[in-house]
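Text of data26.txt, listed as compact mmCIF, C-alpha atoms and all ligand atoms:
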```
# COMPACT_ATOMS: atom_id res chain seq x y z
CA MET C 1050 127.61 43.99 142.67
CA THR C 1051 123.88 43.37 142.31
CA VAL C 1052 121.72 41.70 144.90
CA LYS C 1053 118.35 40.14 144.39
CA ILE C 1054 115.77 42.00 146.40
CA ASP C 1055 112.26 43.33 146.09
CA THR C 1056 112.78 46.99 145.18
CA SER C 1057 109.10 47.93 145.04
CA TYR C 1058 107.61 50.65 147.22
CA GLU C 1059 104.92 48.14 148.22
CA TYR C 1060 107.56 45.96 149.81
CA ALA C 1061 108.74 48.89 151.97
CA LEU C 1062 105.16 49.57 153.03
CA ALA C 1063 104.66 45.91 153.92
CA MET C 1064 107.81 45.99 156.06
CA ASP C 1065 106.45 49.02 157.90
CA LYS C 1066 103.19 47.25 158.48
CA LYS C 1067 104.81 44.36 160.31
CA ASP C 1068 107.30 46.55 162.21
CA ALA C 1069 107.07 45.80 165.95
CA LEU C 1070 108.32 49.31 166.81
CA ALA C 1071 106.07 51.21 164.37
CA THR C 1072 104.04 52.91 167.12
CA PHE C 1073 107.14 54.57 168.57
CA ARG C 1074 107.29 56.89 165.58
CA GLU C 1075 104.37 58.82 167.08
CA GLU C 1076 106.38 59.32 170.25
CA PHE C 1077 108.71 61.72 168.39
CA HIS C 1078 108.53 65.22 166.98
CA LEU C 1079 109.31 64.35 163.39
CA PRO C 1080 110.25 67.06 160.91
CA SER C 1081 107.05 67.84 159.02
CA LYS C 1082 108.38 67.64 155.49
CA SER C 1083 111.72 65.92 155.56
CA ILE C 1084 113.29 62.54 156.17
CA TYR C 1085 115.71 62.66 159.07
CA LEU C 1086 118.74 60.38 158.76
CA ASP C 1087 121.07 62.17 161.16
CA GLY C 1088 120.03 60.56 164.45
CA ASN C 1089 123.59 59.29 164.91
CA SER C 1090 124.70 62.91 165.27
CA LEU C 1091 121.69 64.41 167.04
CA GLY C 1092 118.71 62.20 167.88
CA LEU C 1093 115.22 63.65 167.49
CA MET C 1094 113.18 65.01 170.38
CA SER C 1095 110.68 62.57 171.84
CA LYS C 1096 107.49 63.87 173.41
CA ARG C 1097 108.48 62.13 176.65
CA ALA C 1098 111.84 63.91 176.67
CA GLU C 1099 110.06 67.21 176.18
CA GLN C 1100 107.65 66.40 179.03
CA SER C 1101 110.38 65.38 181.43
CA LEU C 1102 112.28 68.58 180.67
CA PHE C 1103 109.17 70.64 181.45
CA GLN C 1104 108.61 68.59 184.59
CA LEU C 1105 112.04 69.58 185.91
CA ILE C 1106 111.62 73.20 184.87
CA ASN C 1107 108.45 73.15 186.94
CA SER C 1108 110.20 71.56 189.89
CA TRP C 1109 112.57 74.56 189.92
CA LYS C 1110 109.64 76.95 189.63
CA HIS C 1111 107.58 75.37 192.41
CA LEU C 1112 110.04 73.66 194.74
CA GLN C 1113 113.02 76.05 194.60
CA ILE C 1114 115.90 74.64 196.69
CA ASP C 1115 113.77 71.70 197.81
CA GLY C 1116 113.88 70.34 194.27
CA TRP C 1117 117.21 68.77 195.21
CA THR C 1118 115.49 66.25 197.47
CA GLN C 1119 111.77 66.46 196.63
CA GLY C 1120 109.44 66.13 193.67
CA GLU C 1121 109.11 63.29 191.20
CA SER C 1122 112.79 63.29 190.22
CA PRO C 1123 114.88 64.76 193.05
CA TRP C 1124 117.88 66.44 191.42
CA PHE C 1125 120.42 65.23 193.99
CA PHE C 1126 119.88 61.59 192.95
CA LEU C 1127 119.16 62.10 189.26
CA SER C 1128 122.58 61.08 187.85
CA GLU C 1129 122.39 57.84 189.82
CA HIS C 1130 118.76 57.22 188.92
CA LEU C 1131 119.51 57.67 185.22
CA GLY C 1132 122.54 55.39 185.63
CA ASP C 1133 120.15 52.68 186.87
CA LEU C 1134 117.95 53.17 183.78
CA MET C 1135 120.93 53.33 181.41
CA ALA C 1136 122.67 50.18 182.72
CA PRO C 1137 120.57 47.60 180.82
CA ILE C 1138 121.21 49.48 177.56
CA VAL C 1139 124.91 48.53 177.75
CA GLY C 1140 124.58 45.28 179.72
CA ALA C 1141 125.88 46.62 183.01
CA ASN C 1142 125.01 46.37 186.70
CA SER C 1143 123.20 49.49 187.89
CA ASP C 1144 125.99 50.70 190.14
CA GLU C 1145 128.49 50.49 187.27
CA VAL C 1146 126.86 53.33 185.30
CA VAL C 1147 126.32 56.99 186.06
CA VAL C 1148 125.04 59.79 183.84
CA THR C 1149 127.51 62.62 184.31
CA GLY C 1150 129.81 65.08 182.56
CA SER C 1151 130.35 65.26 178.82
CA THR C 1152 131.96 62.68 176.58
CA THR C 1153 135.23 64.59 176.38
CA VAL C 1154 135.34 65.27 180.13
CA ASN C 1155 134.54 61.62 180.85
CA ILE C 1156 137.39 60.48 178.60
CA HIS C 1157 139.71 62.73 180.61
CA GLN C 1158 138.30 61.39 183.86
CA LEU C 1159 138.60 57.72 182.90
CA ILE C 1160 142.02 57.99 181.25
CA SER C 1161 143.35 59.86 184.26
CA SER C 1162 141.92 57.08 186.43
CA PHE C 1163 143.05 54.05 184.41
CA TYR C 1164 146.25 55.17 182.72
CA LYS C 1165 148.87 54.26 185.33
CA PRO C 1166 152.20 54.04 183.52
CA HIS C 1167 154.93 52.15 185.39
CA GLY C 1168 158.32 50.74 184.43
CA ASN C 1169 158.40 50.32 180.67
CA LYS C 1170 154.59 50.01 180.51
CA THR C 1171 153.87 53.53 179.31
CA LYS C 1172 152.12 53.38 175.95
CA ILE C 1173 148.47 53.75 174.95
CA ILE C 1174 146.81 52.02 171.98
CA ALA C 1175 144.17 53.88 169.92
CA THR C 1176 143.42 53.90 166.18
CA GLU C 1177 144.22 56.30 163.36
CA LEU C 1178 140.49 56.54 162.60
CA ASP C 1179 139.40 57.71 166.04
CA PHE C 1180 137.21 60.75 166.61
CA PRO C 1181 139.57 63.74 167.09
CA THR C 1182 138.55 64.59 170.66
CA ASP C 1183 139.48 61.08 171.82
CA ILE C 1184 142.97 61.51 170.37
CA TYR C 1185 143.39 65.04 171.76
CA VAL C 1186 142.53 63.76 175.25
CA LEU C 1187 145.03 60.90 174.99
CA GLN C 1188 147.71 63.30 173.79
CA SER C 1189 147.11 65.72 176.63
CA GLN C 1190 146.97 62.93 179.23
CA LEU C 1191 150.31 61.60 177.98
CA GLN C 1192 151.77 65.10 178.15
CA LEU C 1193 150.53 65.52 181.74
CA HIS C 1194 152.59 62.43 182.58
CA GLY C 1195 155.63 63.92 180.83
CA TYR C 1196 155.48 61.61 177.80
CA ASN C 1197 155.79 62.55 174.15
CA PRO C 1198 152.54 61.50 172.41
CA ASP C 1199 154.46 60.86 169.17
CA GLU C 1200 156.25 58.01 170.90
CA HIS C 1201 153.72 56.84 173.44
CA LEU C 1202 150.45 56.94 171.53
CA VAL C 1203 150.22 53.90 169.24
CA ARG C 1204 147.60 54.47 166.57
CA ILE C 1205 146.56 51.27 164.81
CA LYS C 1206 146.47 51.74 161.05
CA ALA C 1207 143.47 50.94 158.87
CA ASP C 1208 143.70 48.21 156.25
CA SER C 1209 143.39 48.80 152.50
CA GLN C 1210 139.59 49.00 152.80
CA GLY C 1211 139.77 51.64 155.49
CA LEU C 1212 138.76 49.24 158.26
CA ILE C 1213 140.51 48.42 161.51
CA ASN C 1214 141.57 44.80 161.76
CA GLU C 1215 141.26 43.28 165.24
CA GLU C 1216 144.37 41.17 164.51
CA ASP C 1217 146.40 44.35 164.08
CA ILE C 1218 145.23 45.63 167.47
CA ILE C 1219 146.07 42.32 169.14
CA SER C 1220 149.51 42.13 167.59
CA ALA C 1221 150.24 45.62 168.93
CA MET C 1222 149.53 44.50 172.51
CA HIS C 1223 153.19 44.42 173.56
CA ASP C 1224 154.75 44.54 177.04
CA ASP C 1225 155.09 48.33 176.87
CA ILE C 1226 151.31 48.92 176.55
CA ALA C 1227 149.67 50.28 179.70
CA LEU C 1228 146.20 50.95 178.31
CA ILE C 1229 143.97 50.42 175.27
CA PHE C 1230 141.22 52.89 174.40
CA LEU C 1231 139.07 52.12 171.36
CA PRO C 1232 135.76 53.06 169.79
CA THR C 1233 133.10 50.33 169.87
CA VAL C 1234 131.83 51.57 166.49
CA LEU C 1235 134.00 53.82 164.31
CA TYR C 1236 132.26 57.12 163.69
CA ARG C 1237 132.90 57.36 159.94
CA SER C 1238 132.86 53.82 158.62
CA GLY C 1239 130.31 52.47 161.10
CA GLN C 1240 132.55 49.44 161.70
CA LEU C 1241 131.79 47.57 164.94
CA LEU C 1242 134.84 46.12 166.69
CA ASP C 1243 134.80 42.76 168.49
CA ILE C 1244 134.69 44.18 172.00
CA GLU C 1245 134.58 40.85 173.82
CA ARG C 1246 137.54 39.36 171.98
CA LEU C 1247 139.69 42.48 172.31
CA THR C 1248 138.93 42.58 176.04
CA GLN C 1249 139.97 38.95 176.49
CA GLU C 1250 143.20 39.50 174.58
CA ALA C 1251 144.04 42.66 176.52
CA HIS C 1252 143.39 41.01 179.86
CA LYS C 1253 145.51 37.96 178.95
CA ARG C 1254 148.38 40.45 178.76
CA ASP C 1255 147.42 42.40 181.86
CA ILE C 1256 146.42 45.49 179.88
CA ILE C 1257 143.53 47.74 180.92
CA ILE C 1258 140.96 48.27 178.15
CA GLY C 1259 138.22 50.88 177.80
CA PHE C 1260 135.78 51.86 175.05
CA ASP C 1261 134.15 54.95 173.59
CA ALA C 1262 130.61 53.73 172.85
CA CYS C 1263 129.25 56.99 171.36
CA HIS C 1264 128.22 55.24 168.14
CA SER C 1265 126.86 52.04 169.63
CA ALA C 1266 125.06 52.97 172.86
CA GLY C 1267 121.35 52.93 172.15
CA VAL C 1268 121.64 51.08 168.85
CA ILE C 1269 123.58 47.88 169.62
CA PRO C 1270 123.08 45.87 172.81
CA HIS C 1271 126.28 45.32 174.78
CA ALA C 1272 127.30 43.04 177.64
CA PHE C 1273 129.96 45.24 179.23
CA SER C 1274 129.87 43.46 182.61
CA LYS C 1275 129.87 39.95 181.20
CA TRP C 1276 132.72 40.80 178.84
CA GLY C 1277 134.58 42.39 181.74
CA ILE C 1278 135.69 45.58 179.99
CA ASP C 1279 137.37 47.93 182.44
CA PHE C 1280 135.61 51.17 181.58
CA ALA C 1281 133.52 52.93 178.93
CA LEU C 1282 131.84 56.23 178.19
CA TRP C 1283 129.33 57.44 175.66
CA CYS C 1284 127.31 60.30 174.34
CA ASN C 1285 123.60 60.67 175.12
CA TYR C 1286 122.59 63.10 172.37
CA LYS C 1287 123.08 60.65 169.50
CA TYR C 1288 121.08 57.39 169.51
CA LEU C 1289 119.89 58.06 173.08
CA ASN C 1290 117.97 61.16 172.01
CA GLY C 1291 118.90 63.32 175.02
CA GLY C 1292 119.07 66.57 173.02
CA PRO C 1293 121.93 68.94 172.20
CA GLY C 1294 124.57 68.91 174.92
CA ALA C 1295 122.80 66.21 176.96
CA VAL C 1296 124.83 64.95 179.92
CA ALA C 1297 126.95 61.90 178.96
CA SER C 1298 127.41 58.46 180.56
CA LEU C 1299 130.27 56.46 181.98
CA TYR C 1300 130.80 52.83 183.02
CA VAL C 1301 133.31 51.44 185.49
CA ASN C 1302 133.54 47.68 186.08
CA ARG C 1303 132.85 46.54 189.66
CA ARG C 1304 136.34 45.10 190.03
CA HIS C 1305 137.62 48.68 190.13
CA PHE C 1306 135.21 49.92 192.79
CA GLY C 1307 136.89 51.52 195.79
CA LYS C 1308 139.79 52.97 193.81
CA VAL C 1309 140.24 56.72 193.89
CA PRO C 1310 139.33 58.31 190.52
CA GLY C 1311 141.99 60.34 188.72
CA LEU C 1312 139.88 63.48 189.15
CA THR C 1313 137.72 64.03 192.21
CA GLY C 1314 135.22 66.65 193.32
CA TRP C 1315 132.63 66.83 196.03
CA TYR C 1316 130.24 64.65 194.00
CA SER C 1317 132.82 61.83 194.30
CA SER C 1318 131.72 61.61 197.92
CA THR C 1319 129.24 59.13 199.38
CA LYS C 1320 125.87 60.84 199.40
CA GLU C 1321 125.53 60.61 203.19
CA LYS C 1322 128.80 62.45 203.82
CA GLN C 1323 128.73 65.00 201.00
CA PHE C 1324 127.02 67.74 202.96
CA ASP C 1325 129.20 67.25 206.06
CA MET C 1326 131.55 69.59 204.16
CA GLU C 1327 134.70 67.96 205.52
CA HIS C 1328 138.06 68.44 203.79
CA THR C 1329 138.64 64.70 203.83
CA LEU C 1330 136.76 63.06 200.98
CA THR C 1331 134.80 59.90 201.80
CA ILE C 1332 134.89 58.26 198.38
CA GLU C 1333 131.72 56.64 197.04
CA GLN C 1334 132.46 52.93 196.41
CA THR C 1335 130.81 52.60 192.98
CA SER C 1336 131.06 54.12 189.49
CA ARG C 1337 129.27 57.12 190.94
CA ALA C 1338 132.56 58.21 192.53
CA TYR C 1339 133.63 59.37 189.06
CA GLN C 1340 131.30 62.39 189.19
CA LEU C 1341 132.86 65.79 189.84
CA GLY C 1342 130.41 68.57 190.68
CA THR C 1343 126.81 69.75 190.54
CA PRO C 1344 125.00 68.05 187.63
CA HIS C 1345 123.45 70.02 184.75
CA ILE C 1346 119.88 69.16 185.71
CA PHE C 1347 118.09 70.39 182.59
CA SER C 1348 120.54 68.55 180.37
CA LEU C 1349 119.80 65.38 182.33
CA ALA C 1350 116.05 65.90 182.42
CA THR C 1351 115.34 64.86 178.82
CA LEU C 1352 116.86 61.45 179.47
CA ILE C 1353 114.18 60.57 182.02
CA GLY C 1354 111.61 60.48 179.21
CA SER C 1355 113.93 59.14 176.55
CA LEU C 1356 115.11 56.15 178.60
CA GLU C 1357 111.50 55.22 179.32
CA LEU C 1358 111.10 54.59 175.59
CA PHE C 1359 114.15 52.31 175.58
CA ARG C 1360 112.74 50.34 178.49
CA GLU C 1361 109.42 49.90 176.69
CA ALA C 1362 110.95 49.02 173.32
CA THR C 1363 113.89 46.92 174.68
CA MET C 1364 117.39 47.04 173.20
CA GLU C 1365 116.89 43.69 171.47
CA GLU C 1366 114.01 45.07 169.38
CA VAL C 1367 115.79 48.37 168.73
CA TYR C 1368 118.82 46.48 167.44
CA LYS C 1369 116.75 44.07 165.37
CA LYS C 1370 114.99 46.89 163.56
CA SER C 1371 118.14 48.97 163.15
CA ARG C 1372 119.92 46.00 161.58
CA ASN C 1373 116.99 45.36 159.23
CA LEU C 1374 116.86 49.03 158.21
CA THR C 1375 120.56 49.29 157.44
CA ARG C 1376 120.53 45.90 155.65
CA TYR C 1377 117.58 47.06 153.53
CA MET C 1378 119.24 50.38 152.77
CA MET C 1379 122.50 48.69 151.73
CA ASP C 1380 120.69 46.19 149.51
CA LEU C 1381 118.74 48.96 147.82
CA ILE C 1382 121.89 51.03 147.31
CA GLN C 1383 123.71 48.09 145.76
CA HIS C 1384 120.77 47.34 143.52
CA GLU C 1385 119.70 50.85 142.51
CA LEU C 1386 122.89 52.90 142.60
CA HIS C 1387 125.51 50.65 141.07
CA ASP C 1388 127.77 52.21 138.44
CA MET C 1389 127.15 55.68 139.90
CA GLY C 1390 130.42 55.98 141.78
CA PHE C 1391 129.14 54.95 145.20
CA SER C 1392 130.72 52.40 147.46
CA ILE C 1393 129.55 51.19 150.85
CA HIS C 1394 132.35 51.80 153.31
CA ASN C 1395 130.97 49.95 156.37
CA PRO C 1396 131.44 46.18 156.67
CA ASP C 1397 128.68 44.25 154.92
CA ASP C 1398 128.48 41.62 157.67
CA ASP C 1399 125.52 42.36 159.98
CA ALA C 1400 127.63 41.51 163.03
CA ARG C 1401 130.30 44.06 162.14
CA ARG C 1402 128.40 47.30 161.64
CA GLY C 1403 126.75 49.90 163.84
CA GLY C 1404 123.61 51.90 163.16
CA HIS C 1405 124.54 53.87 160.07
CA VAL C 1406 125.38 53.21 156.45
CA SER C 1407 128.61 54.86 155.38
CA LEU C 1408 128.33 55.81 151.75
CA LYS C 1409 131.46 56.87 149.92
CA HIS C 1410 131.46 59.07 146.81
CA ALA C 1411 133.97 61.51 145.33
CA GLU C 1412 131.14 64.10 145.10
CA ALA C 1413 129.89 63.49 148.65
CA VAL C 1414 129.71 67.19 149.62
CA ARG C 1415 127.62 68.21 146.63
CA ILE C 1416 125.39 65.13 146.88
CA THR C 1417 124.78 65.93 150.56
CA LYS C 1418 123.67 69.45 149.60
CA ALA C 1419 121.36 68.10 146.92
CA LEU C 1420 119.83 65.63 149.41
CA LYS C 1421 119.14 68.48 151.84
CA ASP C 1422 117.36 70.41 149.10
CA HIS C 1423 115.28 67.30 148.49
CA GLN C 1424 114.20 67.33 152.17
CA ILE C 1425 116.48 64.54 153.29
CA THR C 1426 118.87 65.17 156.17
CA PRO C 1427 122.02 63.04 155.98
CA ASP C 1428 125.37 63.83 157.53
CA PHE C 1429 128.62 64.53 155.74
CA ARG C 1430 132.09 63.61 157.05
CA ALA C 1431 135.07 64.99 155.16
CA PRO C 1432 136.30 64.27 152.64
CA ASP C 1433 133.98 61.82 150.93
CA ILE C 1434 131.53 60.11 153.32
CA ILE C 1435 127.75 60.50 153.50
CA ARG C 1436 126.45 58.93 156.69
CA LEU C 1437 122.86 57.71 156.57
CA ALA C 1438 121.38 56.61 159.89
CA PRO C 1439 117.90 55.10 159.77
CA VAL C 1440 116.92 55.08 163.43
CA ALA C 1441 114.81 52.22 164.81
CA PHE C 1442 112.48 54.45 166.83
CA TYR C 1443 111.48 56.83 164.07
CA THR C 1444 112.67 55.87 160.57
CA SER C 1445 110.36 53.84 158.35
CA PHE C 1446 111.28 51.41 155.59
CA ALA C 1447 109.30 53.65 153.22
CA GLU C 1448 111.65 56.54 154.08
CA VAL C 1449 114.67 54.38 153.34
CA TRP C 1450 113.12 53.51 149.97
CA LYS C 1451 112.43 57.19 149.20
CA THR C 1452 115.97 58.16 150.17
CA VAL C 1453 117.55 55.70 147.76
CA GLN C 1454 115.16 56.74 144.98
CA THR C 1455 116.05 60.39 145.62
CA LEU C 1456 119.76 59.60 145.45
CA LYS C 1457 119.15 57.80 142.20
CA SER C 1458 117.39 60.76 140.60
CA ILE C 1459 120.04 63.20 141.89
CA MET C 1460 122.68 61.09 140.17
CA GLN C 1461 120.72 60.50 136.98
CA ASN C 1462 119.84 64.19 136.59
CA LYS C 1463 123.29 65.27 137.80
CA SER C 1464 121.45 67.85 139.90
CA TYR C 1465 124.29 67.82 142.46
CA GLU C 1466 126.46 69.65 139.93
CA LYS C 1467 124.81 72.98 140.65
CA TYR C 1468 126.20 73.07 144.21
CA ASN C 1469 129.69 74.12 145.24
CA SER C 1470 131.91 71.71 147.10
CA ASN C 1471 132.68 73.76 150.22
CA ARG C 1472 131.48 72.04 153.34
CA ASN C 1473 129.49 73.83 156.05
CA VAL C 1474 130.88 74.59 159.54
CA VAL C 1475 128.80 71.90 161.21
CA ALA C 1476 128.88 69.01 158.79
C1 LIG B 1501 130.14 62.42 169.26
C2 LIG B 1501 131.45 61.93 169.73
C3 LIG B 1501 132.19 62.65 170.67
C4 LIG B 1501 131.71 64.01 171.15
O1 LIG B 1501 132.25 64.37 172.37
P1 LIG B 1501 131.63 65.64 173.14
O2 LIG B 1501 132.43 65.77 174.36
O3 LIG B 1501 130.17 65.32 173.38
O4 LIG B 1501 131.74 66.82 172.23
C5 LIG B 1501 133.39 62.10 171.09
N1 LIG B 1501 133.83 60.91 170.64
C6 LIG B 1501 133.14 60.20 169.72
C7 LIG B 1501 133.64 58.88 169.24
C8 LIG B 1501 131.93 60.69 169.24
O5 LIG B 1501 131.26 60.01 168.32
```
Show how you would write the structure in this file as structure tokens.
Ligand SMILES: *Cc1c(COP(=O)(O)O)cnc(C)c1O
Amino acid sequence: MTVKIDTSYEYALAMDKKDALATFREEFHLPSKSIYLDGNSLGLMSKRAEQSLFQLINSWKHLQIDGWTQGESPWFFLSEHLGDLMAPIVGANSDEVVVTGSTTVNIHQLISSFYKPHGNKTKIIATELDFPTDIYVLQSQLQLHGYNPDEHLVRIKADSQGLINEEDIISAMHDDIALIFLPTVLYRSGQLLDIERLTQEAHKRDIIIGFDACHSAGVIPHAFSKWGIDFALWCNYKYLNGGPGAVASLYVNRRHFGKVPGLTGWYSSTKEKQFDMEHTLTIEQTSRAYQLGTPHIFSLATLIGSLELFREATMEEVYKKSRNLTRYMMDLIQHELHDMGFSIHNPDDDARRGGHVSLKHAEAVRITKALKDHQITPDFRAPDIIRLAPVAFYTSFAEVWKTVQTLKSIMQNKSYEKYNSNRNVVA
């Protein structure tokens, strides 16, 4: 397929010139020589994130134990404070979000809280394209309840194009389903599911529904509270630029406040009672009850600076630019790389894709290696996907143009053929 677009470098430069978020590029430590397109796996370090990390290192140095309650960002309230700042990013009320745990731990926490099998309602719906950790958690949670995952985990199959069809999810919502847990955006294909519709359909049938928003939080605006989803969790080291191992986020809808979480610890307590050290837990009445223990302060610290940038830029602008970047990249790919064995795996419709372009090619491993040698950092997912994430905060249209031109010359010169096709440990 060929599309009619302006493929000149001048056009890319003109797009950069009128980019409303152009100044944010200077807020980041960009690699000096290369083009970074892996922000959906590990976002770049912003200067604000770096500063806020140093600020908290200093609070330890100078305040010692008093850092818990004093200083600019008292540690004892940091998870809640960051929850307040994170809430608008996913369209939530402040008290519905807390920054705590890791993605995998939060999936365990929320599934153990919301999976309440009873009678013949015992099954969980997921998809066959889910990120492995999500599936492993569901399998182990089913096993903890004494159920065989082979029978009780329903994994929706992909269609012939490798996409998940919402109709297939809805037609699997039978009487025996206790819970639905889905990705907002699928990590390989970049497909965005219709969260609002799936929530309505689940609730019509009295089924609890939660989402893993790792690949949409910080790139696509959500309206979790308005849509009434029951729960969600997401990663903060991808589009939210919190750094490697940054503390993750979780969301619990207000209608569930007051329930006892599946897992509790002393941070599930109301703040006022926590240091009374009683053996009877006084449960916090908001999403903050889903915390367990002492937060990893330095892995939270970066988010203070990073979330400031989101507040200044606004999610609407971040999304607008992200959508324009991925659209531009897809159009260029279709125009410049046709007949070279590539296909675009993510849905073409702007309303159905997340923040990355999912490029399929039988030689994906070797092409990824060639790109890296040409100072472009993509991300490879076995067996045949190259993920390219132009990030609104720091990727320019000119870089997208250069990337596609580089791919074109790699294919024309067959320079990928000199690499072997073993993938690296961290893809
Ligand atoms: C990145 C990602 C994870 C990672 O979970 P961790 O606990 O941070 O290792 C899990 N699920 C999805 C969908 C992801 O994209």
Residues of chain C within 10 Å of ligand LIG 1501 (chain B): nearest atom pair and distance (Å, one decimal) for each, counting only C-alpha atoms and all ligand atoms, sorted by chain and number, as a tab-separated table?
```
residue	atom	partner	partner_atom	distance
C:Asn1089	CA	B:LIG1501	O5	8.4
C:Ser1090	CA	B:LIG1501	C1	6.8
C:Leu1091	CA	B:LIG1501	C1	9.0
C:Gly1150	CA	B:LIG1501	O2	8.6
C:Ser1151	CA	B:LIG1501	O2	4.9
C:Thr1152	CA	B:LIG1501	O2	3.8
C:Thr1153	CA	B:LIG1501	O2	3.6
C:Val1154	CA	B:LIG1501	O2	6.5
C:Asn1155	CA	B:LIG1501	O2	8.0
C:Ile1156	CA	B:LIG1501	O2	8.4
C:Leu1178	CA	B:LIG1501	C7	9.8
C:Asp1179	CA	B:LIG1501	C7	6.7
C:Phe1180	CA	B:LIG1501	C7	4.8
C:Pro1181	CA	B:LIG1501	N1	7.3
C:Thr1182	CA	B:LIG1501	C5	5.7
C:Asp1183	CA	B:LIG1501	N1	5.8
C:Ile1184	CA	B:LIG1501	N1	9.2
C:Leu1231	CA	B:LIG1501	C7	8.9
C:Pro1232	CA	B:LIG1501	C7	6.2
C:Thr1233	CA	B:LIG1501	C7	8.6
C:Val1234	CA	B:LIG1501	C7	8.0
C:Leu1235	CA	B:LIG1501	C7	7.1
C:Tyr1236	CA	B:LIG1501	O5	5.5
C:Arg1237	CA	B:LIG1501	O5	8.9
C:Phe1260	CA	B:LIG1501	C7	9.4
C:Asp1261	CA	B:LIG1501	C7	5.9
C:Ala1262	CA	B:LIG1501	C7	7.0
C:Cys1263	CA	B:LIG1501	O5	4.7
C:His1264	CA	B:LIG1501	O5	5.7
C:Ser1265	CA	B:LIG1501	O5	9.2
C:Leu1282	CA	B:LIG1501	N1	9.1
C:Trp1283	CA	B:LIG1501	C6	7.6
C:Cys1284	CA	B:LIG1501	O3	5.9
C:Asn1285	CA	B:LIG1501	O3	8.2
C:Tyr1286	CA	B:LIG1501	O3	8.0
C:Lys1287	CA	B:LIG1501	C1	7.3
C:Pro1293	CA	B:LIG1501	O3	9.1
C:Gly1294	CA	B:LIG1501	O3	6.8
C:Ala1295	CA	B:LIG1501	O3	8.2
C:Val1296	CA	B:LIG1501	O3	8.5
C:Ala1297	CA	B:LIG1501	O3	7.3
```
C-alpha atoms of the current selection, written as an mmCIF file, keeping the file's coordinate frame:
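What follows is the written file selection_13.cif:
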```cif
data_model
loop_
_atom_site.group_PDB
_atom_site.id
_atom_site.type_symbol
_atom_site.label_atom_id
_atom_site.label_comp_id
_atom_site.auth_asym_id
_atom_site.auth_seq_id
_atom_site.Cartn_x
_atom_site.Cartn_y
_atom_site.Cartn_z
ATOM 1 C CA ASN C 1089 123.590 59.290 164.910
ATOM 2 C CA SER C 1090 124.700 62.910 165.270
ATOM 3 C CA LEU C 1091 121.690 64.410 167.040
ATOM 4 C CA GLY C 1150 129.810 65.080 182.560
ATOM 5 C CA SER C 1151 130.350 65.260 178.820
ATOM 6 C CA THR C 1152 131.960 62.680 176.580
ATOM 7 C CA THR C 1153 135.230 64.590 176.380
ATOM 8 C CA VAL C 1154 135.340 65.270 180.130
ATOM 9 C CA ASN C 1155 134.540 61.620 180.850
ATOM 10 C CA ILE C 1156 137.390 60.480 178.600
ATOM 11 C CA LEU C 1178 140.490 56.540 162.600
ATOM 12 C CA ASP C 1179 139.400 57.710 166.040
ATOM 13 C CA PHE C 1180 137.210 60.750 166.610
ATOM 14 C CA PRO C 1181 139.570 63.740 167.090
ATOM 15 C CA THR C 1182 138.550 64.590 170.660
ATOM 16 C CA ASP C 1183 139.480 61.080 171.820
ATOM 17 C CA ILE C 1184 142.970 61.510 170.370
ATOM 18 C CA LEU C 1231 139.070 52.120 171.360
ATOM 19 C CA PRO C 1232 135.760 53.060 169.790
ATOM 20 C CA THR C 1233 133.100 50.330 169.870
ATOM 21 C CA VAL C 1234 131.830 51.570 166.490
ATOM 22 C CA LEU C 1235 134.000 53.820 164.310
ATOM 23 C CA TYR C 1236 132.260 57.120 163.690
ATOM 24 C CA ARG C 1237 132.900 57.360 159.940
ATOM 25 C CA PHE C 1260 135.780 51.860 175.050
ATOM 26 C CA ASP C 1261 134.150 54.950 173.590
ATOM 27 C CA ALA C 1262 130.610 53.730 172.850
ATOM 28 C CA CYS C 1263 129.250 56.990 171.360
ATOM 29 C CA HIS C 1264 128.220 55.240 168.140
ATOM 30 C CA SER C 1265 126.860 52.040 169.630
ATOM 31 C CA LEU C 1282 131.840 56.230 178.190
ATOM 32 C CA TRP C 1283 129.330 57.440 175.660
ATOM 33 C CA CYS C 1284 127.310 60.300 174.340
ATOM 34 C CA ASN C 1285 123.600 60.670 175.120
ATOM 35 C CA TYR C 1286 122.590 63.100 172.370
ATOM 36 C CA LYS C 1287 123.080 60.650 169.500
ATOM 37 C CA PRO C 1293 121.930 68.940 172.200
ATOM 38 C CA GLY C 1294 124.570 68.910 174.920
ATOM 39 C CA ALA C 1295 122.800 66.210 176.960
ATOM 40 C CA VAL C 1296 124.830 64.950 179.920
ATOM 41 C CA ALA C 1297 126.950 61.900 178.960
#
```
I need the residue nearest Gln1190 (chain C) from this list: C:Phe1103, C:Tyr1443, C:Tyr1377, C:Phe1163. Use all atoms listed in the file for the distance.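 Of the candidates, the smallest distance to Gln1190 (chain C) is held by C:Phe1163.
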- [ ] Tell me which of C:Ala1350, C:Ala1441, C:Ile1416, C:Leu1242 sits closest to Thr1375 (chain C), counting all atoms listed in the file.
- [x]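 Closest to Thr1375 (chain C) of all the choices is C:Ala1441.
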- In Å, with one decimal, what is the gap from CA of Gly1311 (chain C) to CA of Glu1129 (chain C)?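 Rounded to one decimal, the two atoms are 19.8 Å apart.
Near Lys1165 (chain C), within 12 Å and counting all atoms listed in the file, sit Leu1159, Ile1160, Lys1170, Thr1171, Lys1172, Ile1173, Gln1190, Leu1191, Leu1193, His1194, Ile1226, Ala1227, Leu1228, Ile1229, Ile1256, Ile1257, Pro1310 and Gly1311 of chain C; same-chain residues fewer than 5 positions away were not included.
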